[in-house]
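Visitor: As input, take entry39.pdb (PDB, C-alpha atoms, pLDDT in the B column):
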```pdb
ATOM      1  CA  MET A   1       0.000   0.000   0.000  1.00 40.00           C
ATOM      2  CA  ILE A   2       1.321   3.449  -0.967  1.00 47.00           C
ATOM      3  CA  ASN A   3       2.035   5.766   1.937  1.00 49.00           C
ATOM      4  CA  SER A   4      -0.155   8.866   1.803  1.00 56.00           C
ATOM      5  CA  ASN A   5       2.998  10.987   2.330  1.00 64.00           C
ATOM      6  CA  ASN A   6       4.730   9.393  -0.653  1.00 69.00           C
ATOM      7  CA  GLN A   7       3.856  12.211  -3.057  1.00 87.00           C
ATOM      8  CA  LYS A   8       5.608  14.416  -5.589  1.00 95.00           C
ATOM      9  CA  PRO A   9       4.512  17.858  -6.797  1.00 98.00           C
ATOM     10  CA  VAL A  10       2.762  17.456 -10.143  1.00 98.00           C
ATOM     11  CA  VAL A  11       3.626  19.762 -13.055  1.00 98.00           C
ATOM     12  CA  LEU A  12       1.351  19.886 -16.092  1.00 98.00           C
ATOM     13  CA  VAL A  13       3.278  20.196 -19.359  1.00 98.00           C
ATOM     14  CA  ILE A  14       1.537  21.251 -22.563  1.00 98.00           C
ATOM     15  CA  ALA A  15       4.016  21.074 -25.435  1.00 97.00           C
ATOM     16  CA  GLY A  16       5.060  19.352 -28.651  1.00 96.00           C
ATOM     17  CA  HIS A  17       6.837  16.052 -29.210  1.00 96.00           C
ATOM     18  CA  ASP A  18      10.380  15.848 -30.590  1.00 95.00           C
ATOM     19  CA  PRO A  19      11.287  12.315 -31.778  1.00 95.00           C
ATOM     20  CA  SER A  20      14.995  12.947 -31.103  1.00 94.00           C
ATOM     21  CA  GLY A  21      14.281  13.506 -27.397  1.00 94.00           C
ATOM     22  CA  GLY A  22      16.381  16.650 -27.303  1.00 93.00           C
ATOM     23  CA  ALA A  23      13.532  19.136 -26.974  1.00 93.00           C
ATOM     24  CA  GLY A  24       9.785  19.097 -26.412  1.00 94.00           C
ATOM     25  CA  ILE A  25       7.910  16.771 -24.101  1.00 97.00           C
ATOM     26  CA  GLN A  26      10.816  14.425 -23.385  1.00 97.00           C
ATOM     27  CA  ALA A  27      13.067  17.342 -22.425  1.00 97.00           C
ATOM     28  CA  ASP A  28      10.308  18.637 -20.154  1.00 98.00           C
ATOM     29  CA  ILE A  29       9.818  15.279 -18.443  1.00 98.00           C
ATOM     30  CA  GLU A  30      13.547  14.835 -17.823  1.00 98.00           C
ATOM     31  CA  SER A  31      14.028  18.356 -16.499  1.00 98.00           C
ATOM     32  CA  ILE A  32      11.019  18.126 -14.183  1.00 98.00           C
ATOM     33  CA  SER A  33      11.698  14.571 -13.024  1.00 98.00           C
ATOM     34  CA  SER A  34      15.331  15.268 -12.168  1.00 97.00           C
ATOM     35  CA  ALA A  35      14.114  18.108  -9.909  1.00 98.00           C
ATOM     36  CA  GLY A  36      11.991  15.644  -7.919  1.00 97.00           C
ATOM     37  CA  CYS A  37       8.575  16.422  -9.427  1.00 98.00           C
ATOM     38  CA  HIS A  38       6.163  14.410 -11.551  1.00 98.00           C
ATOM     39  CA  ALA A  39       5.435  15.599 -15.108  1.00 98.00           C
ATOM     40  CA  THR A  40       2.001  14.951 -16.548  1.00 98.00           C
ATOM     41  CA  THR A  41       1.941  15.742 -20.255  1.00 98.00           C
ATOM     42  CA  VAL A  42      -0.504  16.794 -22.950  1.00 98.00           C
ATOM     43  CA  ILE A  43       1.020  16.894 -26.435  1.00 98.00           C
ATOM     44  CA  THR A  44       0.017  19.813 -28.647  1.00 97.00           C
ATOM     45  CA  SER A  45       1.690  18.635 -31.844  1.00 95.00           C
ATOM     46  CA  LEU A  46       3.792  15.881 -33.309  1.00 95.00           C
ATOM     47  CA  THR A  47       6.887  16.958 -35.199  1.00 93.00           C
ATOM     48  CA  THR A  48       8.973  15.340 -37.904  1.00 94.00           C
ATOM     49  CA  GLN A  49      12.529  16.193 -36.874  1.00 92.00           C
ATOM     50  CA  ASN A  50      15.932  14.988 -35.767  1.00 93.00           C
ATOM     51  CA  THR A  51      19.028  16.747 -34.428  1.00 91.00           C
ATOM     52  CA  ASN A  52      19.706  18.253 -37.882  1.00 90.00           C
ATOM     53  CA  LYS A  53      16.368  19.508 -39.172  1.00 88.00           C
ATOM     54  CA  VAL A  54      12.615  19.912 -38.754  1.00 88.00           C
ATOM     55  CA  LEU A  55      10.391  18.872 -41.652  1.00 89.00           C
ATOM     56  CA  ASP A  56       6.842  19.139 -40.344  1.00 89.00           C
ATOM     57  CA  VAL A  57       4.545  20.039 -37.434  1.00 91.00           C
ATOM     58  CA  ILE A  58       1.242  18.161 -37.045  1.00 94.00           C
ATOM     59  CA  PRO A  59      -1.088  19.739 -34.437  1.00 95.00           C
ATOM     60  CA  GLN A  60      -3.681  17.759 -32.491  1.00 96.00           C
ATOM     61  CA  THR A  61      -7.348  18.344 -33.183  1.00 97.00           C
ATOM     62  CA  PRO A  62      -8.879  20.619 -30.521  1.00 97.00           C
ATOM     63  CA  GLU A  63     -11.522  18.451 -28.830  1.00 97.00           C
ATOM     64  CA  PRO A  64      -9.360  15.429 -27.941  1.00 97.00           C
ATOM     65  CA  PHE A  65      -6.732  17.915 -26.790  1.00 98.00           C
ATOM     66  CA  ARG A  66      -9.296  19.670 -24.576  1.00 98.00           C
ATOM     67  CA  ASN A  67     -10.456  16.373 -23.092  1.00 98.00           C
ATOM     68  CA  GLN A  68      -6.887  15.326 -22.268  1.00 98.00           C
ATOM     69  CA  ILE A  69      -6.309  18.540 -20.312  1.00 98.00           C
ATOM     70  CA  ARG A  70      -9.662  18.273 -18.528  1.00 98.00           C
ATOM     71  CA  LEU A  71      -9.133  14.680 -17.446  1.00 98.00           C
ATOM     72  CA  ILE A  72      -5.728  15.470 -15.974  1.00 98.00           C
ATOM     73  CA  LEU A  73      -7.067  18.525 -14.125  1.00 98.00           C
ATOM     74  CA  GLU A  74      -9.991  16.482 -12.754  1.00 97.00           C
ATOM     75  CA  ASP A  75      -7.691  13.743 -11.490  1.00 97.00           C
ATOM     76  CA  MET A  76      -4.492  15.359 -10.206  1.00 97.00           C
ATOM     77  CA  ASP A  77      -3.498  18.214  -7.932  1.00 97.00           C
ATOM     78  CA  ILE A  78      -1.518  20.311 -10.416  1.00 98.00           C
ATOM     79  CA  VAL A  79       0.744  22.846  -8.692  1.00 98.00           C
ATOM     80  CA  ALA A  80       2.512  24.391 -11.722  1.00 98.00           C
ATOM     81  CA  CYS A  81       2.257  24.398 -15.501  1.00 98.00           C
ATOM     82  CA  LYS A  82       4.753  24.726 -18.336  1.00 98.00           C
ATOM     83  CA  ILE A  83       3.517  25.567 -21.843  1.00 98.00           C
ATOM     84  CA  GLY A  84       5.800  25.066 -24.838  1.00 97.00           C
ATOM     85  CA  MET A  85       5.226  24.866 -28.574  1.00 94.00           C
ATOM     86  CA  ILE A  86       1.497  25.114 -29.307  1.00 94.00           C
ATOM     87  CA  GLY A  87       1.015  24.592 -33.037  1.00 90.00           C
ATOM     88  CA  SER A  88      -2.311  26.272 -33.828  1.00 93.00           C
ATOM     89  CA  VAL A  89      -4.610  29.095 -32.751  1.00 95.00           C
ATOM     90  CA  GLU A  90      -7.336  26.572 -31.989  1.00 97.00           C
ATOM     91  CA  LEU A  91      -5.134  24.727 -29.494  1.00 97.00           C
ATOM     92  CA  LEU A  92      -4.064  28.010 -27.928  1.00 97.00           C
ATOM     93  CA  GLU A  93      -7.724  28.926 -27.415  1.00 97.00           C
ATOM     94  CA  VAL A  94      -8.338  25.576 -25.701  1.00 98.00           C
ATOM     95  CA  ILE A  95      -5.385  26.175 -23.374  1.00 98.00           C
ATOM     96  CA  VAL A  96      -6.737  29.582 -22.396  1.00 97.00           C
ATOM     97  CA  ASP A  97     -10.248  28.207 -21.869  1.00 97.00           C
ATOM     98  CA  GLU A  98      -9.102  25.354 -19.652  1.00 98.00           C
ATOM     99  CA  LEU A  99      -6.470  27.173 -17.588  1.00 97.00           C
ATOM    100  CA  ALA A 100      -8.065  30.607 -17.151  1.00 95.00           C
ATOM    101  CA  GLU A 101      -9.598  29.834 -13.753  1.00 93.00           C
ATOM    102  CA  ILE A 102      -6.652  27.904 -12.305  1.00 95.00           C
ATOM    103  CA  ASN A 103      -4.449  29.816  -9.873  1.00 95.00           C
ATOM    104  CA  ILE A 104      -1.042  28.166 -10.279  1.00 98.00           C
ATOM    105  CA  PRO A 105       2.331  29.375 -11.610  1.00 98.00           C
ATOM    106  CA  MET A 106       2.461  29.128 -15.402  1.00 98.00           C
ATOM    107  CA  VAL A 107       5.719  29.238 -17.351  1.00 98.00           C
ATOM    108  CA  LEU A 108       5.424  29.921 -21.081  1.00 98.00           C
ATOM    109  CA  ASP A 109       8.245  29.031 -23.468  1.00 97.00           C
ATOM    110  CA  PRO A 110       6.998  30.683 -26.696  1.00 93.00           C
ATOM    111  CA  ILE A 111       8.741  28.462 -29.221  1.00 82.00           C
ATOM    112  CA  MET A 112       8.526  30.381 -32.495  1.00 77.00           C
ATOM    113  CA  CYS A 113      11.006  28.585 -34.744  1.00 65.00           C
ATOM    114  CA  SER A 114      13.674  25.901 -34.739  1.00 58.00           C
ATOM    115  CA  THR A 115      17.389  26.645 -34.818  1.00 57.00           C
ATOM    116  CA  THR A 116      17.354  25.466 -38.437  1.00 51.00           C
ATOM    117  CA  GLY A 117      14.688  28.035 -39.314  1.00 54.00           C
ATOM    118  CA  LYS A 118      11.461  25.993 -39.365  1.00 55.00           C
ATOM    119  CA  LEU A 119       8.569  28.139 -38.138  1.00 59.00           C
ATOM    120  CA  PHE A 120       6.480  26.683 -35.308  1.00 66.00           C
ATOM    121  CA  SER A 121       4.212  29.716 -35.088  1.00 71.00           C
ATOM    122  CA  ASN A 122       2.489  32.372 -37.205  1.00 79.00           C
ATOM    123  CA  ASP A 123       1.061  35.876 -36.858  1.00 82.00           C
ATOM    124  CA  ASP A 124      -2.318  34.636 -35.612  1.00 88.00           C
ATOM    125  CA  ILE A 125      -0.722  32.536 -32.862  1.00 89.00           C
ATOM    126  CA  CYS A 126       1.496  35.467 -31.851  1.00 90.00           C
ATOM    127  CA  LYS A 127      -1.460  37.855 -31.604  1.00 91.00           C
ATOM    128  CA  LYS A 128      -3.534  35.381 -29.597  1.00 93.00           C
ATOM    129  CA  MET A 129      -0.602  34.644 -27.320  1.00 94.00           C
ATOM    130  CA  LEU A 130      -0.189  38.343 -26.553  1.00 95.00           C
ATOM    131  CA  THR A 131      -3.859  39.063 -25.972  1.00 95.00           C
ATOM    132  CA  SER A 132      -5.090  35.865 -24.283  1.00 96.00           C
ATOM    133  CA  LEU A 133      -2.251  33.739 -22.934  1.00 97.00           C
ATOM    134  CA  LEU A 134       0.141  36.324 -21.492  1.00 97.00           C
ATOM    135  CA  PRO A 135      -2.405  37.530 -18.886  1.00 97.00           C
ATOM    136  CA  LEU A 136      -2.309  33.994 -17.436  1.00 97.00           C
ATOM    137  CA  THR A 137       1.484  33.790 -17.502  1.00 98.00           C
ATOM    138  CA  THR A 138       3.721  33.976 -14.455  1.00 98.00           C
ATOM    139  CA  LEU A 139       6.903  33.949 -16.543  1.00 98.00           C
ATOM    140  CA  ILE A 140       7.583  33.948 -20.286  1.00 98.00           C
ATOM    141  CA  THR A 141      11.034  32.718 -21.387  1.00 98.00           C
ATOM    142  CA  PRO A 142      11.735  33.710 -25.004  1.00 96.00           C
ATOM    143  CA  ASN A 143      15.200  33.760 -26.481  1.00 93.00           C
ATOM    144  CA  CYS A 144      16.184  37.074 -28.067  1.00 93.00           C
ATOM    145  CA  VAL A 145      14.966  36.014 -31.517  1.00 91.00           C
ATOM    146  CA  GLU A 146      11.594  34.876 -30.169  1.00 92.00           C
ATOM    147  CA  ALA A 147      11.174  38.070 -28.139  1.00 94.00           C
ATOM    148  CA  THR A 148      11.664  40.136 -31.292  1.00 93.00           C
ATOM    149  CA  LEU A 149       9.365  37.974 -33.419  1.00 90.00           C
ATOM    150  CA  LEU A 150       6.639  38.022 -30.800  1.00 92.00           C
ATOM    151  CA  THR A 151       6.677  41.766 -30.123  1.00 93.00           C
ATOM    152  CA  GLN A 152       8.156  43.214 -33.335  1.00 92.00           C
ATOM    153  CA  LYS A 153      10.648  45.099 -31.130  1.00 95.00           C
ATOM    154  CA  GLU A 154      14.365  44.893 -31.933  1.00 93.00           C
ATOM    155  CA  ASN A 155      15.345  46.426 -28.603  1.00 96.00           C
ATOM    156  CA  LEU A 156      15.074  43.681 -25.987  1.00 96.00           C
ATOM    157  CA  THR A 157      14.096  45.996 -23.136  1.00 96.00           C
ATOM    158  CA  ALA A 158      11.276  47.343 -25.300  1.00 97.00           C
ATOM    159  CA  ALA A 159      10.303  43.764 -26.176  1.00 97.00           C
ATOM    160  CA  ALA A 160      10.240  42.796 -22.492  1.00 98.00           C
ATOM    161  CA  ASN A 161       8.132  45.834 -21.615  1.00 97.00           C
ATOM    162  CA  THR A 162       5.687  44.924 -24.375  1.00 97.00           C
ATOM    163  CA  LEU A 163       5.319  41.421 -22.921  1.00 97.00           C
ATOM    164  CA  LEU A 164       4.849  42.824 -19.415  1.00 98.00           C
ATOM    165  CA  ASN A 165       2.284  45.331 -20.665  1.00 97.00           C
ATOM    166  CA  HIS A 166       0.306  42.509 -22.284  1.00 97.00           C
ATOM    167  CA  GLY A 167      -0.083  40.840 -18.897  1.00 97.00           C
ATOM    168  CA  ALA A 168       2.927  38.624 -18.185  1.00 98.00           C
ATOM    169  CA  ASP A 169       4.061  38.907 -14.560  1.00 98.00           C
ATOM    170  CA  SER A 170       7.720  38.546 -15.558  1.00 98.00           C
ATOM    171  CA  VAL A 171      10.009  37.949 -18.533  1.00 98.00           C
ATOM    172  CA  LEU A 172      13.305  36.082 -18.892  1.00 98.00           C
ATOM    173  CA  ILE A 173      14.935  36.787 -22.263  1.00 97.00           C
ATOM    174  CA  THR A 174      17.802  34.401 -22.967  1.00 95.00           C
ATOM    175  CA  GLY A 175      20.822  35.336 -25.034  1.00 86.00           C
ATOM    176  CA  THR A 176      21.815  31.990 -26.504  1.00 81.00           C
ATOM    177  CA  HIS A 177      21.088  33.255 -30.038  1.00 76.00           C
ATOM    178  CA  ALA A 178      22.865  36.609 -29.620  1.00 77.00           C
ATOM    179  CA  GLU A 179      26.341  37.246 -30.993  1.00 76.00           C
ATOM    180  CA  THR A 180      27.938  37.979 -27.650  1.00 84.00           C
ATOM    181  CA  HIS A 181      31.048  36.570 -25.989  1.00 85.00           C
ATOM    182  CA  GLU A 182      29.007  35.439 -23.000  1.00 92.00           C
ATOM    183  CA  VAL A 183      25.391  34.290 -22.894  1.00 91.00           C
ATOM    184  CA  ILE A 184      23.478  37.107 -21.234  1.00 95.00           C
ATOM    185  CA  ASN A 185      20.031  36.284 -19.843  1.00 97.00           C
ATOM    186  CA  THR A 186      17.928  39.161 -18.532  1.00 98.00           C
ATOM    187  CA  PHE A 187      15.080  38.934 -16.030  1.00 98.00           C
ATOM    188  CA  TYR A 188      12.406  41.652 -16.145  1.00 98.00           C
ATOM    189  CA  THR A 189       9.501  42.488 -13.859  1.00 97.00           C
ATOM    190  CA  LYS A 190       7.320  45.587 -13.599  1.00 94.00           C
ATOM    191  CA  GLN A 191       8.451  46.282 -10.043  1.00 93.00           C
ATOM    192  CA  ASP A 192      12.240  45.965 -10.177  1.00 94.00           C
ATOM    193  CA  ALA A 193      15.195  46.888 -12.374  1.00 96.00           C
ATOM    194  CA  PRO A 194      16.250  44.212 -14.882  1.00 97.00           C
ATOM    195  CA  ILE A 195      18.721  41.616 -13.628  1.00 98.00           C
ATOM    196  CA  GLU A 196      21.448  40.302 -15.960  1.00 97.00           C
ATOM    197  CA  TYR A 197      22.872  36.821 -15.620  1.00 97.00           C
ATOM    198  CA  ARG A 198      26.072  36.009 -17.511  1.00 94.00           C
ATOM    199  CA  TRP A 199      27.144  32.507 -18.475  1.00 91.00           C
ATOM    200  CA  GLU A 200      30.145  31.116 -20.307  1.00 91.00           C
ATOM    201  CA  ARG A 201      29.211  30.496 -23.940  1.00 92.00           C
ATOM    202  CA  LEU A 202      29.903  26.849 -24.708  1.00 90.00           C
ATOM    203  CA  PRO A 203      31.297  25.889 -28.126  1.00 86.00           C
ATOM    204  CA  GLU A 204      28.620  23.371 -29.121  1.00 84.00           C
ATOM    205  CA  SER A 205      25.180  24.146 -30.571  1.00 85.00           C
ATOM    206  CA  PHE A 206      22.421  22.623 -28.441  1.00 89.00           C
ATOM    207  CA  HIS A 207      18.925  21.298 -29.079  1.00 86.00           C
ATOM    208  CA  GLY A 208      16.442  21.713 -26.213  1.00 91.00           C
ATOM    209  CA  SER A 209      18.085  24.238 -23.892  1.00 93.00           C
ATOM    210  CA  GLY A 210      14.973  26.446 -23.754  1.00 94.00           C
ATOM    211  CA  CYS A 211      12.712  23.528 -22.885  1.00 96.00           C
ATOM    212  CA  THR A 212      15.149  22.454 -20.186  1.00 97.00           C
ATOM    213  CA  LEU A 213      15.241  25.924 -18.639  1.00 97.00           C
ATOM    214  CA  SER A 214      11.510  26.648 -18.675  1.00 98.00           C
ATOM    215  CA  SER A 215      10.521  23.220 -17.363  1.00 98.00           C
ATOM    216  CA  ARG A 216      13.079  23.400 -14.579  1.00 98.00           C
ATOM    217  CA  ILE A 217      11.685  26.796 -13.521  1.00 98.00           C
ATOM    218  CA  ALA A 218       8.182  25.313 -13.415  1.00 98.00           C
ATOM    219  CA  ALA A 219       9.434  22.394 -11.314  1.00 98.00           C
ATOM    220  CA  LEU A 220      11.254  24.675  -8.881  1.00 98.00           C
ATOM    221  CA  LEU A 221       8.121  26.788  -8.482  1.00 98.00           C
ATOM    222  CA  ALA A 222       6.158  23.590  -7.824  1.00 98.00           C
ATOM    223  CA  LEU A 223       8.660  22.777  -5.080  1.00 98.00           C
ATOM    224  CA  GLY A 224       7.948  26.093  -3.361  1.00 97.00           C
ATOM    225  CA  ASN A 225      10.827  28.298  -4.536  1.00 98.00           C
ATOM    226  CA  ASN A 226      10.079  31.947  -5.163  1.00 98.00           C
ATOM    227  CA  LEU A 227      10.314  33.124  -8.772  1.00 98.00           C
ATOM    228  CA  LYS A 228      13.724  34.811  -8.608  1.00 97.00           C
ATOM    229  CA  THR A 229      15.275  31.795  -6.892  1.00 98.00           C
ATOM    230  CA  ALA A 230      13.675  29.428  -9.413  1.00 98.00           C
ATOM    231  CA  VAL A 231      15.000  31.502 -12.319  1.00 98.00           C
ATOM    232  CA  GLU A 232      18.526  31.509 -10.885  1.00 98.00           C
ATOM    233  CA  LYS A 233      18.647  27.814  -9.939  1.00 98.00           C
ATOM    234  CA  ALA A 234      17.169  26.756 -13.297  1.00 98.00           C
ATOM    235  CA  GLN A 235      19.800  28.693 -15.235  1.00 97.00           C
ATOM    236  CA  GLU A 236      22.581  26.995 -13.292  1.00 97.00           C
ATOM    237  CA  TYR A 237      21.012  23.570 -13.887  1.00 97.00           C
ATOM    238  CA  THR A 238      20.564  24.254 -17.601  1.00 96.00           C
ATOM    239  CA  TRP A 239      24.135  25.486 -18.076  1.00 95.00           C
ATOM    240  CA  LEU A 240      25.508  22.385 -16.350  1.00 96.00           C
ATOM    241  CA  SER A 241      23.305  20.129 -18.504  1.00 95.00           C
ATOM    242  CA  LEU A 242      24.780  21.830 -21.582  1.00 94.00           C
ATOM    243  CA  LYS A 243      28.371  21.696 -20.302  1.00 94.00           C
ATOM    244  CA  HIS A 244      27.927  17.935 -19.890  1.00 95.00           C
ATOM    245  CA  GLY A 245      25.840  17.671 -23.078  1.00 93.00           C
ATOM    246  CA  LEU A 246      25.472  14.538 -25.169  1.00 94.00           C
ATOM    247  CA  LYS A 247      26.341  14.153 -28.868  1.00 93.00           C
ATOM    248  CA  LEU A 248      23.803  11.486 -29.782  1.00 94.00           C
ATOM    249  CA  GLY A 249      22.984  12.443 -33.364  1.00 93.00           C
ATOM    250  CA  ARG A 250      24.759  13.981 -36.337  1.00 93.00           C
ATOM    251  CA  GLY A 251      23.457  17.498 -35.646  1.00 91.00           C
ATOM    252  CA  GLN A 252      23.083  19.543 -32.476  1.00 92.00           C
ATOM    253  CA  ALA A 253      24.126  18.212 -29.082  1.00 92.00           C
ATOM    254  CA  GLN A 254      21.496  17.541 -26.442  1.00 93.00           C
ATOM    255  CA  PRO A 255      21.428  18.635 -22.799  1.00 94.00           C
ATOM    256  CA  ASN A 256      22.402  15.973 -20.294  1.00 95.00           C
ATOM    257  CA  ARG A 257      19.546  16.568 -17.862  1.00 96.00           C
ATOM    258  CA  PHE A 258      20.675  13.821 -15.486  1.00 94.00           C
ATOM    259  CA  CYS A 259      24.295  14.987 -15.269  1.00 88.00           C
ATOM    260  CA  GLY A 260      24.054  15.126 -11.464  1.00 67.00           C
TER
END
```
Written as structure tokens, that's how I'd like the structure from this file.
Guide:
Amino acid sequence: MINSNNQKPVVLVIAGHDPSGGAGIQADIESISSAGCHATTVITSLTTQNTNKVLDVIPQTPEPFRNQIRLILEDMDIVACKIGMIGSVELLEVIVDELAEINIPMVLDPIMCSTTGKLFSNDDICKKMLTSLLPLTTLITPNCVEATLLTQKENLTAAANTLLNHGADSVLITGTHAETHEVINTFYTKQDAPIEYRWERLPESFHGSGCTLSSRIAALLALGNNLKTAVEKAQEYTWLSLKHGLKLGRGQAQPNRFCG
């Protein structure tokens, strides 16, 4: 018989599936599980990809997707949520409908395109994300390219302010895609001055670092950390997973999310 105290915090993940296991749902599960939480997952879209390229994105149909979310919410005590690649406006609308009345931390990783240039989003998804999903969002974690695409602002401070003004509680813009000597991640809130975090830029190109970071933040929030602490601890975890990354395919390396 299972002891009633033998529980883990449950994190709901709503994201796409990457067959290579580097990004998407598998990355989320590994990042959350290694923090000591349980990941329950609803897949938005299947993708046709490997470590070199992305060929296609196949979104779920809305009603089965809605039912999957509802059944999980009826059955489990969800204490945090991570949202990744969505795939269609219709699925985004379902997410908003089903999560609007739930008071838990929500981390949004607005995956706009792959490193190889395949678009995962479009103008309609971007507009709906800004108007409907950001007001539910505790933290949005775009990289610098995604922040610009989402807001149409080249200046990252202006982009962050746009995201905050559309309802996000906080913004973490990552600098992995910037041409800087170090990776500079910047944390923005309405109340406080921006905080810069600087990390050694590693020589390899990685697949799934954003998923790793955002899921780890969600897990740390589920474990009771405050937001700033979760953001800081998750960056350290992500950098270490990249430093000890795995070269499993012929393209990008993958984070080693169980590196210890």
Visitor: Output the residue selection produced by the PyMOL selection byres ((chain A and resi 49) around 12) on the file above, formatted as a PyMOL selection string.
Guide: chain A and resi 16-24+46-48+50-58+114-116+118+207+249+251-252
Visitor: Ranking A:Ile32, A:Met112, A:Leu240, A:Ala193 by minimum distance to Gly87 of chain A and counting only C-alpha atoms, which one comes first?
Guide: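 Among A:Ile32, A:Met112, A:Leu240, A:Ala193, it is A:Met112 that comes nearest to Gly87 of chain A.
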Visitor: List as a tab-separated table (two decimals) with C-alpha atoms, in the frame of the given file the protein and nucleic acid residues near Arg216 of chain A, meaning an atom at most 9 Å away when all atoms listed in the file are counted, but skip any in the same chain fewer than 3 places from it.
Guide:
```tsv
chain	number	residue	atom	x	y	z
A	28	ASP	CA	10.31	18.64	-20.15
A	31	SER	CA	14.03	18.36	-16.50
A	32	ILE	CA	11.02	18.13	-14.18
A	34	SER	CA	15.33	15.27	-12.17
A	35	ALA	CA	14.11	18.11	-9.91
A	211	CYS	CA	12.71	23.53	-22.88
A	212	THR	CA	15.15	22.45	-20.19
A	213	LEU	CA	15.24	25.92	-18.64
A	219	ALA	CA	9.43	22.39	-11.31
A	220	LEU	CA	11.25	24.68	-8.88
A	221	LEU	CA	8.12	26.79	-8.48
A	230	ALA	CA	13.68	29.43	-9.41
A	231	VAL	CA	15.00	31.50	-12.32
A	233	LYS	CA	18.65	27.81	-9.94
A	234	ALA	CA	17.17	26.76	-13.30
A	235	GLN	CA	19.80	28.69	-15.24
A	237	TYR	CA	21.01	23.57	-13.89
A	238	THR	CA	20.56	24.25	-17.60
```
Visitor: Please work out which residues fall within 8 Å of (33.5, 37.3, -19.0), coordinates as given in the file, with all atoms listed in the file counting, and return them as an mmCIF file with C-alpha atoms, in the coordinates of the input.
Guide:
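part.cif written:
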```cif
data_model
loop_
_atom_site.group_PDB
_atom_site.id
_atom_site.type_symbol
_atom_site.label_atom_id
_atom_site.label_comp_id
_atom_site.auth_asym_id
_atom_site.auth_seq_id
_atom_site.Cartn_x
_atom_site.Cartn_y
_atom_site.Cartn_z
ATOM 1 C CA HIS A 181 31.048 36.570 -25.989
ATOM 2 C CA GLU A 182 29.007 35.439 -23.000
ATOM 3 C CA ARG A 198 26.072 36.009 -17.511
ATOM 4 C CA TRP A 199 27.144 32.507 -18.475
ATOM 5 C CA GLU A 200 30.145 31.116 -20.307
#
```
Visitor: Find the residues around Ser88 of chain A up to 8 Å (all atoms listed in the file counted), leave out those fewer than 6 positions away in its own chain, and share them as a tab-separated table (two decimals) with C-alpha atoms, in the coordinates of the input.
Guide:
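The file below, out-v7.tsv, is the result:
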```
chain	number	residue	atom	x	y	z
A	59	PRO	CA	-1.09	19.74	-34.44
A	121	SER	CA	4.21	29.72	-35.09
A	125	ILE	CA	-0.72	32.54	-32.86
```
Visitor: To one decimal place, how far is atom CA of Val11 of chain A from atom CA of Lys127 of chain A in Å?
Guide: 26.4 Å
Visitor: Compare A:Leu248, A:Ile29, A:Met76, A:Leu133 by their minimum atom-to-atom distance to Gln7 of chain A, counting all atoms listed in the file, and give me the closest one.
Guide: A:Met76
Visitor: Would you give the centre and edge lengths, in Å to one decimal, of a box along x, y and z around the listed atoms of segment 42-53 of chain A, with 4 Å added to each side, as JSON?
Guide:
```
{"center_x": 9.6, "center_y": 17.4, "center_z": -31.1, "size_x": 28.2, "size_y": 12.8, "size_z": 24.2}
```
Visitor: Which residue, A:Asn67, A:Asn103, A:Thr138, A:Gln152, has the smallest gap to Ser214 of chain A when you use only C-alpha atoms?
Guide: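 Among the listed residues, A:Thr138 lies closest to Ser214 of chain A.
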Visitor: Write out as an NGL selection string which residues come within 7 Å of Asn143 of chain A when counting all atoms listed in the file, dropping same-chain ones fewer than 2 positions away.
Guide: :A and (141 or 145-147 or 173-177)
Visitor: May I have the residues at most 12 Å from (-9.4, 16.3, -25.6) in the file's coordinates, counting all atoms listed in the file, as a PDB file with C-alpha atoms, in the coordinates of the input?
Guide:
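result.pdb, written as the output of this step:
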```pdb
ATOM      1  CA  VAL A  42      -0.504  16.794 -22.950  1.00 98.00           C
ATOM      2  CA  ILE A  43       1.020  16.894 -26.435  1.00 98.00           C
ATOM      3  CA  THR A  44       0.017  19.813 -28.647  1.00 97.00           C
ATOM      4  CA  GLN A  60      -3.681  17.759 -32.491  1.00 96.00           C
ATOM      5  CA  THR A  61      -7.348  18.344 -33.183  1.00 97.00           C
ATOM      6  CA  PRO A  62      -8.879  20.619 -30.521  1.00 97.00           C
ATOM      7  CA  GLU A  63     -11.522  18.451 -28.830  1.00 97.00           C
ATOM      8  CA  PRO A  64      -9.360  15.429 -27.941  1.00 97.00           C
ATOM      9  CA  PHE A  65      -6.732  17.915 -26.790  1.00 98.00           C
ATOM     10  CA  ARG A  66      -9.296  19.670 -24.576  1.00 98.00           C
ATOM     11  CA  ASN A  67     -10.456  16.373 -23.092  1.00 98.00           C
ATOM     12  CA  GLN A  68      -6.887  15.326 -22.268  1.00 98.00           C
ATOM     13  CA  ILE A  69      -6.309  18.540 -20.312  1.00 98.00           C
ATOM     14  CA  ARG A  70      -9.662  18.273 -18.528  1.00 98.00           C
ATOM     15  CA  LEU A  71      -9.133  14.680 -17.446  1.00 98.00           C
ATOM     16  CA  ILE A  72      -5.728  15.470 -15.974  1.00 98.00           C
ATOM     17  CA  LEU A  73      -7.067  18.525 -14.125  1.00 98.00           C
ATOM     18  CA  LEU A  91      -5.134  24.727 -29.494  1.00 97.00           C
ATOM     19  CA  VAL A  94      -8.338  25.576 -25.701  1.00 98.00           C
ATOM     20  CA  ILE A  95      -5.385  26.175 -23.374  1.00 98.00           C
ATOM     21  CA  GLU A  98      -9.102  25.354 -19.652  1.00 98.00           C
TER      22      GLU A  98
END
```
Visitor: Would you pick out the contacts of Leu242 of chain A at 9 Å or less, using all atoms listed in the file, so that residues sharing its chain but fewer than 5 positions from it are not included, and give the list as a PyMOL selection string?
Guide: chain A and resi 202+204+206+209+237+253-257
Visitor: What separation in Å, quoted to one decimal, exists between atom CA of Lys8 of chain A and atom CA of Gly224 of chain A?
Guide: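 Distance reported for this atom pair: 12.1 Å.
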Visitor: Compare A:Ile78, A:Ala27, A:Leu92, A:Leu246 by their minimum atom-to-atom distance to Cys259 of chain A, counting only C-alpha atoms, and give me the closest one.
Guide: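 Closest residue, counting only C-alpha atoms: A:Leu246.
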